[in-house]
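For reference, start23.csv is printed below; it contains CSV, C-alpha atoms.
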```csv
chain,number,residue,atom,x,y,z
T,1,MET,CA,-26.5,10.9,2.9
T,2,VAL,CA,-27.0,12.7,6.2
T,3,LYS,CA,-29.2,15.8,6.1
T,4,ILE,CA,-29.8,18.0,9.1
T,5,SER,CA,-32.8,20.4,9.1
T,6,ALA,CA,-31.6,23.4,11.1
T,7,ASP,CA,-31.0,27.1,10.6
T,8,HIS,CA,-28.0,29.4,11.4
T,9,LEU,CA,-25.4,26.5,11.4
T,10,THR,CA,-21.8,27.2,10.6
T,11,PHE,CA,-19.9,24.3,9.1
T,12,ALA,CA,-16.5,23.4,10.4
T,13,LYS,CA,-13.5,23.6,8.0
T,14,PHE,CA,-11.1,20.7,7.6
T,15,GLY,CA,-7.5,21.2,8.4
T,16,ASP,CA,-4.5,19.3,7.0
T,17,SER,CA,-3.8,16.3,9.4
T,18,GLU,CA,-0.6,15.5,7.5
T,19,GLY,CA,0.9,18.9,8.7
T,20,LEU,CA,0.3,18.1,12.4
T,21,GLN,CA,3.4,17.6,14.6
T,22,VAL,CA,3.7,15.7,17.8
T,23,GLY,CA,3.3,18.3,20.6
T,24,ASP,CA,0.7,20.4,18.7
T,25,TRP,CA,-2.3,21.5,20.8
T,26,VAL,CA,-5.7,20.1,20.0
T,27,LEU,CA,-9.2,20.3,21.4
T,28,ALA,CA,-11.7,17.4,21.5
T,29,PHE,CA,-15.4,18.0,21.3
T,30,GLY,CA,-18.3,15.6,22.0
T,31,SER,CA,-20.9,14.4,24.4
T,32,PRO,CA,-19.0,12.1,26.9
T,33,PHE,CA,-21.3,10.2,29.2
T,34,GLY,CA,-24.2,12.3,27.8
T,35,PHE,CA,-22.8,15.7,28.7
T,36,SER,CA,-23.3,17.6,25.5
T,37,GLN,CA,-21.1,20.4,24.2
T,38,THR,CA,-18.1,19.2,26.1
T,39,MET,CA,-14.6,20.4,25.2
T,40,THR,CA,-11.3,19.0,26.4
T,41,GLN,CA,-7.7,20.0,25.6
T,42,GLY,CA,-4.4,18.2,25.0
T,43,ILE,CA,-1.7,17.6,22.5
T,44,ILE,CA,-0.9,15.3,19.6
T,45,SER,CA,1.2,12.6,21.4
T,46,ALA,CA,1.8,10.4,18.4
T,47,LYS,CA,1.0,9.9,14.7
T,48,GLY,CA,0.5,6.9,12.5
T,49,ARG,CA,-0.6,4.6,15.4
T,50,HIS,CA,-1.6,1.1,14.4
T,51,VAL,CA,-4.6,0.2,16.6
T,52,PRO,CA,-6.3,-3.0,15.3
T,53,ILE,CA,-9.7,-2.1,16.7
T,54,ILE,CA,-11.7,-3.8,13.9
T,55,ALA,CA,-9.5,-6.9,13.6
T,56,GLN,CA,-9.9,-7.5,17.4
T,57,ASN,CA,-13.7,-7.9,16.9
T,58,ASP,CA,-13.4,-9.8,13.6
T,59,PRO,CA,-10.1,-11.8,13.3
T,60,SER,CA,-10.9,-12.6,9.7
T,61,LEU,CA,-10.1,-8.9,8.8
T,62,ARG,CA,-6.6,-9.1,10.4
T,63,GLY,CA,-4.1,-7.5,8.0
T,64,MET,CA,-6.9,-6.1,5.8
T,65,THR,CA,-7.8,-2.9,7.7
T,66,TYR,CA,-6.2,0.5,7.4
T,67,GLU,CA,-5.0,1.9,10.8
T,68,ASN,CA,-3.4,5.3,10.8
T,69,PHE,CA,-4.6,7.0,14.0
T,70,LEU,CA,-3.6,10.3,15.6
T,71,GLN,CA,-3.0,9.7,19.3
T,72,THR,CA,-3.9,12.5,21.8
T,73,ASP,CA,-4.0,13.0,25.5
T,74,ALA,CA,-7.1,15.3,25.2
T,75,ALA,CA,-9.7,13.6,27.3
T,76,ILE,CA,-11.9,11.3,25.2
T,77,ASN,CA,-14.6,9.2,26.8
T,78,PRO,CA,-17.5,7.1,25.7
T,79,GLY,CA,-19.8,9.5,23.8
T,80,ASN,CA,-16.9,11.4,22.2
T,81,SER,CA,-16.8,9.0,19.2
T,82,GLY,CA,-17.6,10.9,16.0
T,83,GLY,CA,-16.8,14.2,17.5
T,84,PRO,CA,-14.1,16.5,16.0
T,85,LEU,CA,-10.6,17.0,17.1
T,86,VAL,CA,-9.6,20.5,16.1
T,87,ASN,CA,-6.4,22.5,16.1
T,88,LEU,CA,-6.0,26.0,17.5
T,89,LYS,CA,-7.3,27.5,14.3
T,90,GLY,CA,-10.6,25.8,14.8
T,91,GLU,CA,-9.9,23.4,11.9
T,92,VAL,CA,-11.0,19.8,12.1
T,93,VAL,CA,-7.9,17.6,12.0
T,94,GLY,CA,-9.3,14.4,13.3
T,95,ILE,CA,-12.5,12.4,14.1
T,96,ASN,CA,-12.5,11.0,17.6
T,97,ALA,CA,-12.8,7.2,17.4
T,98,ALA,CA,-11.4,5.2,20.3
T,99,ILE,CA,-9.5,5.1,23.6
T,100,ALA,CA,-7.0,2.8,25.2
T,101,SER,CA,-8.4,2.0,28.7
T,102,ARG,CA,-8.6,-0.8,31.2
T,103,THR,CA,-11.6,0.7,32.8
T,104,GLY,CA,-13.6,1.8,29.8
T,105,ALA,CA,-13.1,5.5,30.7
T,106,TYR,CA,-10.4,8.1,29.9
T,107,ASN,CA,-6.9,6.9,30.7
T,108,GLY,CA,-4.7,9.4,28.9
T,109,ILE,CA,-4.6,7.8,25.5
T,110,GLY,CA,-7.2,8.5,22.8
T,111,PHE,CA,-7.2,8.0,19.0
T,112,SER,CA,-8.7,10.0,16.2
T,113,ILE,CA,-9.0,9.3,12.4
T,114,PRO,CA,-6.9,11.9,10.6
T,115,SER,CA,-8.9,14.4,8.7
T,116,ASN,CA,-7.2,13.7,5.4
T,117,ASP,CA,-8.3,10.1,5.7
T,118,ALA,CA,-11.8,11.1,6.6
T,119,GLN,CA,-12.0,13.5,3.6
T,120,TYR,CA,-10.8,10.8,1.2
T,121,ILE,CA,-13.5,8.4,2.5
T,122,MET,CA,-16.1,11.2,2.2
T,123,ARG,CA,-15.3,12.1,-1.4
T,124,SER,CA,-15.2,8.4,-2.3
T,125,LEU,CA,-18.7,7.8,-0.9
T,126,ILE,CA,-20.1,10.8,-2.7
T,127,GLU,CA,-18.5,9.9,-6.0
T,128,HIS,CA,-18.8,6.1,-6.0
T,129,GLY,CA,-21.3,5.2,-3.3
T,130,LYS,CA,-18.6,3.1,-1.6
T,131,VAL,CA,-15.0,3.5,-0.4
T,132,VAL,CA,-12.6,3.0,-3.4
T,133,ARG,CA,-9.0,2.5,-2.5
T,134,GLY,CA,-5.8,2.6,-4.5
T,135,TYR,CA,-4.0,-0.7,-5.3
T,136,LEU,CA,-0.5,-1.6,-6.5
T,137,GLY,CA,-0.7,-5.4,-6.3
T,138,ILE,CA,2.3,-6.0,-4.0
T,139,GLY,CA,2.9,-7.7,-0.6
T,140,ILE,CA,5.2,-5.7,1.7
T,141,GLU,CA,7.4,-6.1,4.8
T,142,ASP,CA,8.9,-3.7,7.2
T,143,LEU,CA,12.7,-3.5,7.0
T,144,GLY,CA,12.9,-2.4,10.6
T,145,HIS,CA,10.7,-5.2,11.9
T,146,PRO,CA,10.6,-8.0,9.3
T,147,SER,CA,8.7,-11.2,9.9
T,148,PRO,CA,10.8,-14.2,10.9
T,149,GLY,CA,10.4,-15.7,7.4
T,150,SER,CA,11.6,-12.5,5.7
T,151,LYS,CA,14.5,-11.8,8.0
T,152,PRO,CA,17.1,-13.7,6.0
T,153,LEU,CA,16.1,-11.8,2.8
T,154,VAL,CA,16.2,-8.5,4.6
T,155,ASP,CA,19.6,-9.3,5.9
T,156,SER,CA,20.8,-10.2,2.4
T,157,ILE,CA,19.5,-6.9,1.0
T,158,LYS,CA,21.4,-4.9,3.7
T,159,LYS,CA,24.6,-6.8,2.9
T,160,SER,CA,24.1,-5.8,-0.8
T,161,GLY,CA,24.6,-2.2,0.2
T,162,TYR,CA,21.3,-0.9,1.6
T,163,GLY,CA,22.3,0.5,5.0
T,164,SER,CA,19.0,1.6,6.5
T,165,ASP,CA,16.0,0.3,8.4
T,166,LYS,CA,13.7,2.8,6.7
T,167,GLY,CA,11.9,1.8,3.6
T,168,VAL,CA,9.6,-1.1,2.7
T,169,LEU,CA,10.5,-4.4,1.2
T,170,VAL,CA,8.5,-5.7,-1.7
T,171,ALA,CA,8.0,-9.4,-0.7
T,172,THR,CA,5.5,-10.4,-3.4
T,173,VAL,CA,4.3,-9.0,-6.7
T,174,SER,CA,1.0,-9.8,-8.5
T,175,PRO,CA,2.1,-10.4,-12.1
T,176,GLU,CA,-0.9,-8.6,-13.6
T,177,GLY,CA,-0.9,-5.8,-11.0
T,178,PRO,CA,-0.1,-2.1,-11.6
T,179,ALA,CA,3.3,-2.4,-9.8
T,180,ALA,CA,4.4,-5.3,-12.0
T,181,LYS,CA,3.5,-3.4,-15.1
T,182,ALA,CA,5.7,-0.5,-13.9
T,183,GLY,CA,8.6,-2.8,-13.4
T,184,VAL,CA,8.5,-3.4,-9.6
T,185,GLU,CA,10.2,-6.7,-8.7
T,186,PRO,CA,10.2,-9.0,-5.6
T,187,GLY,CA,13.1,-7.9,-3.4
T,188,ASP,CA,12.9,-4.2,-4.3
T,189,VAL,CA,13.0,-1.8,-1.4
T,190,ILE,CA,10.6,1.2,-1.8
T,191,THR,CA,12.4,4.2,-0.5
T,192,SER,CA,10.2,7.1,-1.6
T,193,LEU,CA,6.8,7.8,-3.1
T,194,ASN,CA,6.2,11.0,-5.1
T,195,GLY,CA,9.4,12.3,-3.7
T,196,LYS,CA,8.4,11.7,0.0
T,197,PRO,CA,10.6,9.3,2.0
T,198,VAL,CA,8.9,6.0,2.9
T,199,THR,CA,9.7,4.8,6.4
T,200,ASN,CA,7.4,1.9,7.2
T,201,MET,CA,4.8,-0.5,5.9
T,202,ASP,CA,1.7,1.1,7.5
T,203,GLU,CA,2.6,4.5,6.2
T,204,LEU,CA,3.0,3.1,2.6
T,205,ARG,CA,-0.2,1.1,2.8
T,206,GLY,CA,-2.2,4.1,3.9
T,207,GLN,CA,-0.7,6.4,1.3
T,208,ILE,CA,-1.5,4.0,-1.5
T,209,ALA,CA,-5.0,3.4,-0.2
T,210,ARG,CA,-5.7,7.1,-0.1
T,211,THR,CA,-4.5,7.6,-3.7
T,212,ALA,CA,-7.3,7.8,-6.3
T,213,PRO,CA,-7.3,5.0,-8.9
T,214,ASN,CA,-5.8,6.0,-12.3
T,215,SER,CA,-3.4,8.5,-10.6
T,216,LYS,CA,0.2,8.5,-11.5
T,217,LEU,CA,2.8,7.7,-8.8
T,218,THR,CA,6.6,8.0,-9.0
T,219,MET,CA,8.6,5.8,-6.7
T,220,SER,CA,12.2,5.1,-6.0
T,221,VAL,CA,13.4,1.6,-5.3
T,222,PHE,CA,16.7,0.1,-4.2
T,223,ARG,CA,17.5,-2.9,-6.3
T,224,GLU,CA,20.8,-4.9,-6.1
T,225,GLY,CA,23.0,-1.9,-5.1
T,226,LYS,CA,21.3,0.7,-7.3
T,227,ASN,CA,18.5,3.2,-7.0
T,228,VAL,CA,15.8,2.8,-9.7
T,229,ASP,CA,13.1,5.4,-10.5
T,230,LEU,CA,9.7,4.0,-11.6
T,231,THR,CA,6.3,5.4,-12.6
T,232,THR,CA,3.1,3.5,-12.0
T,233,THR,CA,-0.6,4.1,-12.5
T,234,VAL,CA,-2.6,3.2,-9.4
T,235,GLY,CA,-5.3,0.6,-9.8
T,236,THR,CA,-8.5,-0.1,-7.9
T,237,GLN,CA,-8.3,-2.4,-5.0
T,238,PRO,CA,-10.4,-5.6,-5.7
T,239,ASP,CA,-13.3,-6.1,-3.4
T,240,THR,CA,-12.2,-9.7,-2.7
T,241,ALA,CA,-9.2,-11.8,-3.6
T,242,GLN,CA,-9.8,-13.9,-6.7
T,243,PRO,CA,-9.7,-17.6,-6.0
T,244,VAL,CA,-7.0,-19.5,-7.8
T,245,ALA,CA,-8.1,-22.7,-9.6
T,246,GLN,CA,-6.4,-25.8,-8.3
T,247,ALA,CA,-5.3,-28.3,-10.9
T,248,ASN,CA,-5.0,-32.0,-10.3
T,249,ASN,CA,-1.9,-33.1,-12.0
T,250,PRO,CA,-1.4,-36.9,-11.7
T,251,GLY,CA,2.0,-36.6,-13.4
T,252,ARG,CA,4.5,-33.9,-14.5
T,253,GLU,CA,6.4,-33.9,-17.7
T,254,ARG,CA,9.6,-35.9,-17.7
T,255,GLY,CA,12.6,-34.1,-16.3
T,256,MET,CA,12.2,-34.6,-12.6
T,257,THR,CA,15.3,-33.7,-10.7
T,258,GLU,CA,16.4,-34.0,-7.0
T,259,THR,CA,18.4,-31.1,-5.5
T,260,GLY,CA,19.6,-32.6,-2.3
T,261,SER,CA,21.3,-29.6,-0.9
T,262,LEU,CA,18.3,-27.4,-1.3
T,263,GLY,CA,15.9,-30.1,-0.1
T,264,VAL,CA,13.4,-30.1,-3.0
T,265,ARG,CA,12.4,-32.3,-5.9
T,266,VAL,CA,11.5,-30.3,-9.0
T,267,ALA,CA,10.0,-31.1,-12.5
T,268,ASN,CA,9.7,-29.3,-15.8
T,269,ILE,CA,6.6,-27.1,-15.8
T,270,ASP,CA,3.6,-28.7,-17.4
T,271,PRO,CA,0.9,-26.9,-19.5
T,272,ALA,CA,-1.8,-27.0,-16.7
T,273,THR,CA,0.6,-25.4,-14.2
T,274,ALA,CA,1.8,-22.8,-16.7
T,275,LYS,CA,-1.8,-21.8,-17.5
T,276,ARG,CA,-2.9,-21.7,-13.8
T,277,THR,CA,0.1,-19.5,-12.8
T,278,GLY,CA,0.2,-17.3,-15.9
T,279,LEU,CA,3.6,-18.4,-16.9
T,280,THR,CA,2.8,-18.6,-20.6
T,281,ASN,CA,6.5,-18.6,-21.7
T,282,GLY,CA,6.8,-22.2,-20.3
T,283,LYS,CA,9.9,-21.3,-18.2
T,284,GLY,CA,10.3,-22.4,-14.6
T,285,VAL,CA,10.3,-25.6,-12.6
T,286,VAL,CA,7.5,-27.0,-10.4
T,287,VAL,CA,8.3,-28.0,-6.8
T,288,GLU,CA,7.2,-31.6,-6.5
T,289,ALA,CA,8.3,-32.3,-2.9
T,290,VAL,CA,10.0,-30.4,0.0
T,291,GLN,CA,12.2,-32.3,2.5
T,292,PRO,CA,11.3,-31.4,6.1
T,293,ASN,CA,13.8,-29.2,8.0
T,294,SER,CA,15.6,-28.5,4.8
T,295,PRO,CA,16.7,-25.0,3.6
T,296,ALA,CA,13.8,-25.0,1.2
T,297,ALA,CA,11.3,-25.8,4.0
T,298,GLU,CA,12.8,-23.1,6.2
T,299,VAL,CA,11.9,-20.3,3.7
T,300,GLY,CA,8.4,-21.7,3.1
T,301,LEU,CA,8.8,-23.4,-0.3
T,302,GLU,CA,5.8,-25.7,-0.9
T,303,PRO,CA,4.8,-28.3,-3.5
T,304,GLY,CA,3.1,-26.5,-6.4
T,305,ASP,CA,5.3,-23.5,-6.2
T,306,VAL,CA,7.1,-22.6,-9.4
T,307,ILE,CA,10.7,-21.4,-9.3
T,308,THR,CA,11.4,-19.0,-12.1
T,309,LYS,CA,14.8,-17.6,-11.3
T,310,VAL,CA,18.0,-18.6,-9.5
T,311,ASN,CA,19.7,-15.3,-8.6
T,312,LYS,CA,19.4,-13.4,-11.9
T,313,THR,CA,19.2,-16.4,-14.2
T,314,GLU,CA,15.9,-17.5,-15.6
T,315,VAL,CA,15.1,-21.2,-15.1
T,316,THR,CA,14.3,-23.1,-18.3
T,317,SER,CA,14.3,-26.8,-17.2
T,318,ALA,CA,14.7,-29.0,-14.2
T,319,GLN,CA,18.3,-30.0,-15.2
T,320,GLN,CA,19.3,-26.3,-15.8
T,321,PHE,CA,17.8,-25.5,-12.4
T,322,ALA,CA,20.0,-28.2,-10.7
T,323,ASP,CA,23.1,-26.9,-12.6
T,324,SER,CA,22.4,-23.3,-11.5
T,325,MET,CA,22.0,-24.4,-7.9
T,326,LYS,CA,25.3,-26.2,-8.0
T,327,ALA,CA,27.1,-23.1,-9.4
T,328,ALA,CA,25.4,-20.7,-7.0
T,329,LYS,CA,26.9,-22.0,-3.7
T,330,LEU,CA,24.1,-22.5,-1.3
T,331,THR,CA,26.5,-21.8,1.6
T,332,ASP,CA,26.8,-18.2,0.4
T,333,GLY,CA,23.1,-17.8,0.0
T,334,VAL,CA,20.9,-17.9,-3.1
T,335,ARG,CA,17.9,-15.7,-4.2
T,336,LEU,CA,15.0,-17.5,-5.8
T,337,VAL,CA,12.0,-16.0,-7.5
T,338,VAL,CA,9.0,-18.1,-6.8
T,339,ARG,CA,5.5,-18.0,-8.4
T,340,THR,CA,3.2,-19.3,-5.6
T,341,GLU,CA,-0.1,-21.2,-6.0
T,342,ASP,CA,-2.1,-18.0,-5.5
T,343,GLY,CA,-0.3,-16.4,-8.5
T,344,MET,CA,2.1,-14.1,-6.7
T,345,ASP,CA,5.8,-13.7,-7.4
T,346,ARG,CA,8.0,-13.6,-4.3
T,347,LEU,CA,11.7,-13.5,-3.6
T,348,VAL,CA,13.2,-15.8,-1.1
T,349,PHE,CA,16.8,-16.0,0.2
T,350,VAL,CA,18.0,-19.6,0.9
T,351,GLN,CA,21.2,-20.3,2.7
T,352,LYS,CA,22.6,-23.6,4.0
T,353,GLN,CA,24.4,-23.1,7.3
```
Encoded form using structure tokens:
Amino acid sequence: MVKISADHLTFAKFGDSEGLQVGDWVLAFGSPFGFSQTMTQGIISAKGRHVPIIAQNDPSLRGMTYENFLQTDAAINPGNSGGPLVNLKGEVVGINAAIASRTGAYNGIGFSIPSNDAQYIMRSLIEHGKVVRGYLGIGIEDLGHPSPGSKPLVDSIKKSGYGSDKGVLVATVSPEGPAAKAGVEPGDVITSLNGKPVTNMDELRGQIARTAPNSKLTMSVFREGKNVDLTTTVGTQPDTAQPVAQANNPGRERGMTETGSLGVRVANIDPATAKRTGLTNGKGVVVEAVQPNSPAAEVGLEPGDVITKVNKTEVTSAQQFADSMKAAKLTDGVRLVVRTEDGMDRLVFVQKQ
């Protein structure tokens, strides 16, 4: 807790950073280069900027930080950090945090933490003594800028009737997470959250992170040509990822099958793998080997993965998996649901050219 002993102080009121628009006038206060009580003016030049400041200094945190900065051309220099960015009503809409500069001084681009984010962190510290963030238990991808490995899947979703680059693809789902319990599946496209359209991955991550655990969320998802409405209870983000126990399996149950066109060798799931991956129903086949440069290798299938579905059909045995693959026509493309070694379900789209 920070306590300041002083008289006749007037506290600043927070404004709604979500209501800011690009072009709104703002004022930045601080002590740049030691010059106290300095004020500069400018506009909001962008919102939702991803500026990986922390990850640049600590690469191990890449992909684990929340970056949702306001960009402003109000002059910000060393010494401004921590100072308020205010609107013309005198409300604090941001906390000055960083600049983009080749010289170390003002270069026309400054970044502020939105006031709504700052307030959430403040309340969390007061109530819990630490920052508690919301959690759904999903891995996500941008539809507009998918990673190379997810591009075939994104293209297949668009061919199935989703004709927009806006929205967020659910790439993986934690089987025990809040999203899975609400019915979210790998391959869903999240289009809205609490009635508000979802446009990109960073926006969705930030909104979930700022949602208090145990809150109810409604979401709309696009799934196989249809819009589906779901309700979920937000969980608490774990402090660390739980390690997954690795099992040494000298041999699988009988039923090993080669699927030459896909480029994998699979076996019936064994009890140790079923327990490790949480597949208590005993369905699925274990990937024993992956042929280099095969369709399976191109989508990232690895030994130890468990394939649980071919298109919409549950996999019950190695032979049934091979039969399903023959009927599915790999040249047209096949969707596989895969339980990975870290216990996540993901959807992959495999196609033989």
task: Identify the residues around (20.2, -4.5, -5.6) within a radius of 9 Å, measuring from only C-alpha atoms in the coordinates stated by the file, and give them as number ranges by chain.
output: T: 157, 160-162, 187-189, 222-227
task: Mind giving me the straight-line distance from CA of Asp270 in chain T to CA of Lys326 in chain T in Å, one decimal?
output: 23.8 Å
field: Contact residues around range 295-305 of chain T with only C-alpha atoms at 12 Å, ignoring same-chain residues under 5 positions, as number ranges by chain
entry: T: 147-153, 246-249, 252, 259-270, 272-274, 276-277, 279, 284-290, 330-331, 333-353
Next, dump the selected residues to file, keeping only C-alpha atoms, as a PDB file, in the coordinates of the input.
```pdb
ATOM      1  CA  SER T 147       8.700 -11.200   9.900  1.00  0.00           C
ATOM      2  CA  PRO T 148      10.800 -14.200  10.900  1.00  0.00           C
ATOM      3  CA  GLY T 149      10.400 -15.700   7.400  1.00  0.00           C
ATOM      4  CA  SER T 150      11.600 -12.500   5.700  1.00  0.00           C
ATOM      5  CA  LYS T 151      14.500 -11.800   8.000  1.00  0.00           C
ATOM      6  CA  PRO T 152      17.100 -13.700   6.000  1.00  0.00           C
ATOM      7  CA  LEU T 153      16.100 -11.800   2.800  1.00  0.00           C
ATOM      8  CA  GLN T 246      -6.400 -25.800  -8.300  1.00  0.00           C
ATOM      9  CA  ALA T 247      -5.300 -28.300 -10.900  1.00  0.00           C
ATOM     10  CA  ASN T 248      -5.000 -32.000 -10.300  1.00  0.00           C
ATOM     11  CA  ASN T 249      -1.900 -33.100 -12.000  1.00  0.00           C
ATOM     12  CA  ARG T 252       4.500 -33.900 -14.500  1.00  0.00           C
ATOM     13  CA  THR T 259      18.400 -31.100  -5.500  1.00  0.00           C
ATOM     14  CA  GLY T 260      19.600 -32.600  -2.300  1.00  0.00           C
ATOM     15  CA  SER T 261      21.300 -29.600  -0.900  1.00  0.00           C
ATOM     16  CA  LEU T 262      18.300 -27.400  -1.300  1.00  0.00           C
ATOM     17  CA  GLY T 263      15.900 -30.100  -0.100  1.00  0.00           C
ATOM     18  CA  VAL T 264      13.400 -30.100  -3.000  1.00  0.00           C
ATOM     19  CA  ARG T 265      12.400 -32.300  -5.900  1.00  0.00           C
ATOM     20  CA  VAL T 266      11.500 -30.300  -9.000  1.00  0.00           C
ATOM     21  CA  ALA T 267      10.000 -31.100 -12.500  1.00  0.00           C
ATOM     22  CA  ASN T 268       9.700 -29.300 -15.800  1.00  0.00           C
ATOM     23  CA  ILE T 269       6.600 -27.100 -15.800  1.00  0.00           C
ATOM     24  CA  ASP T 270       3.600 -28.700 -17.400  1.00  0.00           C
ATOM     25  CA  ALA T 272      -1.800 -27.000 -16.700  1.00  0.00           C
ATOM     26  CA  THR T 273       0.600 -25.400 -14.200  1.00  0.00           C
ATOM     27  CA  ALA T 274       1.800 -22.800 -16.700  1.00  0.00           C
ATOM     28  CA  ARG T 276      -2.900 -21.700 -13.800  1.00  0.00           C
ATOM     29  CA  THR T 277       0.100 -19.500 -12.800  1.00  0.00           C
ATOM     30  CA  LEU T 279       3.600 -18.400 -16.900  1.00  0.00           C
ATOM     31  CA  GLY T 284      10.300 -22.400 -14.600  1.00  0.00           C
ATOM     32  CA  VAL T 285      10.300 -25.600 -12.600  1.00  0.00           C
ATOM     33  CA  VAL T 286       7.500 -27.000 -10.400  1.00  0.00           C
ATOM     34  CA  VAL T 287       8.300 -28.000  -6.800  1.00  0.00           C
ATOM     35  CA  GLU T 288       7.200 -31.600  -6.500  1.00  0.00           C
ATOM     36  CA  ALA T 289       8.300 -32.300  -2.900  1.00  0.00           C
ATOM     37  CA  VAL T 290      10.000 -30.400   0.000  1.00  0.00           C
ATOM     38  CA  LEU T 330      24.100 -22.500  -1.300  1.00  0.00           C
ATOM     39  CA  THR T 331      26.500 -21.800   1.600  1.00  0.00           C
ATOM     40  CA  GLY T 333      23.100 -17.800   0.000  1.00  0.00           C
ATOM     41  CA  VAL T 334      20.900 -17.900  -3.100  1.00  0.00           C
ATOM     42  CA  ARG T 335      17.900 -15.700  -4.200  1.00  0.00           C
ATOM     43  CA  LEU T 336      15.000 -17.500  -5.800  1.00  0.00           C
ATOM     44  CA  VAL T 337      12.000 -16.000  -7.500  1.00  0.00           C
ATOM     45  CA  VAL T 338       9.000 -18.100  -6.800  1.00  0.00           C
ATOM     46  CA  ARG T 339       5.500 -18.000  -8.400  1.00  0.00           C
ATOM     47  CA  THR T 340       3.200 -19.300  -5.600  1.00  0.00           C
ATOM     48  CA  GLU T 341      -0.100 -21.200  -6.000  1.00  0.00           C
ATOM     49  CA  ASP T 342      -2.100 -18.000  -5.500  1.00  0.00           C
ATOM     50  CA  GLY T 343      -0.300 -16.400  -8.500  1.00  0.00           C
ATOM     51  CA  MET T 344       2.100 -14.100  -6.700  1.00  0.00           C
ATOM     52  CA  ASP T 345       5.800 -13.700  -7.400  1.00  0.00           C
ATOM     53  CA  ARG T 346       8.000 -13.600  -4.300  1.00  0.00           C
ATOM     54  CA  LEU T 347      11.700 -13.500  -3.600  1.00  0.00           C
ATOM     55  CA  VAL T 348      13.200 -15.800  -1.100  1.00  0.00           C
ATOM     56  CA  PHE T 349      16.800 -16.000   0.200  1.00  0.00           C
ATOM     57  CA  VAL T 350      18.000 -19.600   0.900  1.00  0.00           C
ATOM     58  CA  GLN T 351      21.200 -20.300   2.700  1.00  0.00           C
ATOM     59  CA  LYS T 352      22.600 -23.600   4.000  1.00  0.00           C
ATOM     60  CA  GLN T 353      24.400 -23.100   7.300  1.00  0.00           C
TER      61      GLN T 353
END
```
- request: Pick out the closest residue to Phe35 in chain T from this set: T:Asn77, T:Arg210, T:Ile121, T:Val22. Count all atoms listed in the file.
  value: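 Among the listed residues, T:Asn77 lies closest to Phe35 in chain T.
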I'd like the neighbourhood of range 212-214 of chain T as a PDB file with C-alpha atoms, keeping the file's coordinate frame, where a residue qualifies if any of its atoms comes within 9 Å (using only C-alpha atoms), though same-chain residues fewer than 4 positions away should be ignored.
```
ATOM      1  CA  TYR T 120     -10.800  10.800   1.200  1.00  0.00           C
ATOM      2  CA  SER T 124     -15.200   8.400  -2.300  1.00  0.00           C
ATOM      3  CA  VAL T 132     -12.600   3.000  -3.400  1.00  0.00           C
ATOM      4  CA  ARG T 133      -9.000   2.500  -2.500  1.00  0.00           C
ATOM      5  CA  GLY T 134      -5.800   2.600  -4.500  1.00  0.00           C
ATOM      6  CA  TYR T 135      -4.000  -0.700  -5.300  1.00  0.00           C
ATOM      7  CA  ILE T 208      -1.500   4.000  -1.500  1.00  0.00           C
ATOM      8  CA  THR T 233      -0.600   4.100 -12.500  1.00  0.00           C
ATOM      9  CA  VAL T 234      -2.600   3.200  -9.400  1.00  0.00           C
ATOM     10  CA  GLY T 235      -5.300   0.600  -9.800  1.00  0.00           C
ATOM     11  CA  THR T 236      -8.500  -0.100  -7.900  1.00  0.00           C
ATOM     12  CA  GLN T 237      -8.300  -2.400  -5.000  1.00  0.00           C
TER      13      GLN T 237
END
```
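Nearest to Lys329 in chain T of all the residues T:Val92, T:Gln207, T:Ser192, T:Val310 is T:Val310, counting all atoms listed in the file.
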task: Identify the residues around (-13.6, 13.6, 6.1) within a radius of 12 Å, measuring from all atoms listed in the file in the coordinates stated by the file, and give them as an MDAnalysis selection string.
output: chainID T and resid 12:17 82:85 91:96 112:126 210
query: What does the distance from CA of Ala46 in chain T to CA of Lys166 in chain T come to in Å, to one decimal?
result: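 The value is 18.3 Å.
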query: Please, what distance in Å, to one decimal, runs between CA of Gln37 in chain T and CA of Thr103 in chain T?
result: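 Separating CA of Gln37 in chain T from CA of Thr103 in chain T is a distance of 23.5 Å.
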Selected residue, from T:Ser294, T:Ser156, T:Thr218, T:Thr199, that lies nearest to Ala182 in chain T when counting all atoms listed in the file: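 Of T:Ser294, T:Ser156, T:Thr218, T:Thr199, the one nearest Ala182 in chain T is T:Thr218, counting all atoms listed in the file.
Nearest to Gly167 in chain T of all the residues T:Gly183, T:Gly282, T:Gly137, T:Pro197 is T:Pro197, based on only C-alpha atoms.
Checking T:Asn87, T:Pro78, T:Gln291, T:Glu185 one by one against Gly23 in chain T, counting all atoms listed in the file, you find the shortest gap at T:Asn87.
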query: Excluding same-chain residues fewer than 2 positions from Lys181 in chain T, what lies within 10 Å of it counting all atoms listed in the file, as a ChimeraX atom specification?
result: /T:136-137,174-179,183-185,231-233
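Between Asp142 in chain T and the residues T:Ser164, T:Ser81, T:Asn200, T:Asn293, the shortest atom-to-atom distance, using all atoms listed in the file, involves T:Asn200.
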field: Contacts of Gly108 in chain T within 8 Å, only C-alpha atoms, excl. fewer than 5 positions in-chain, as a ChimeraX atom specification
entry: /T:72-75,100
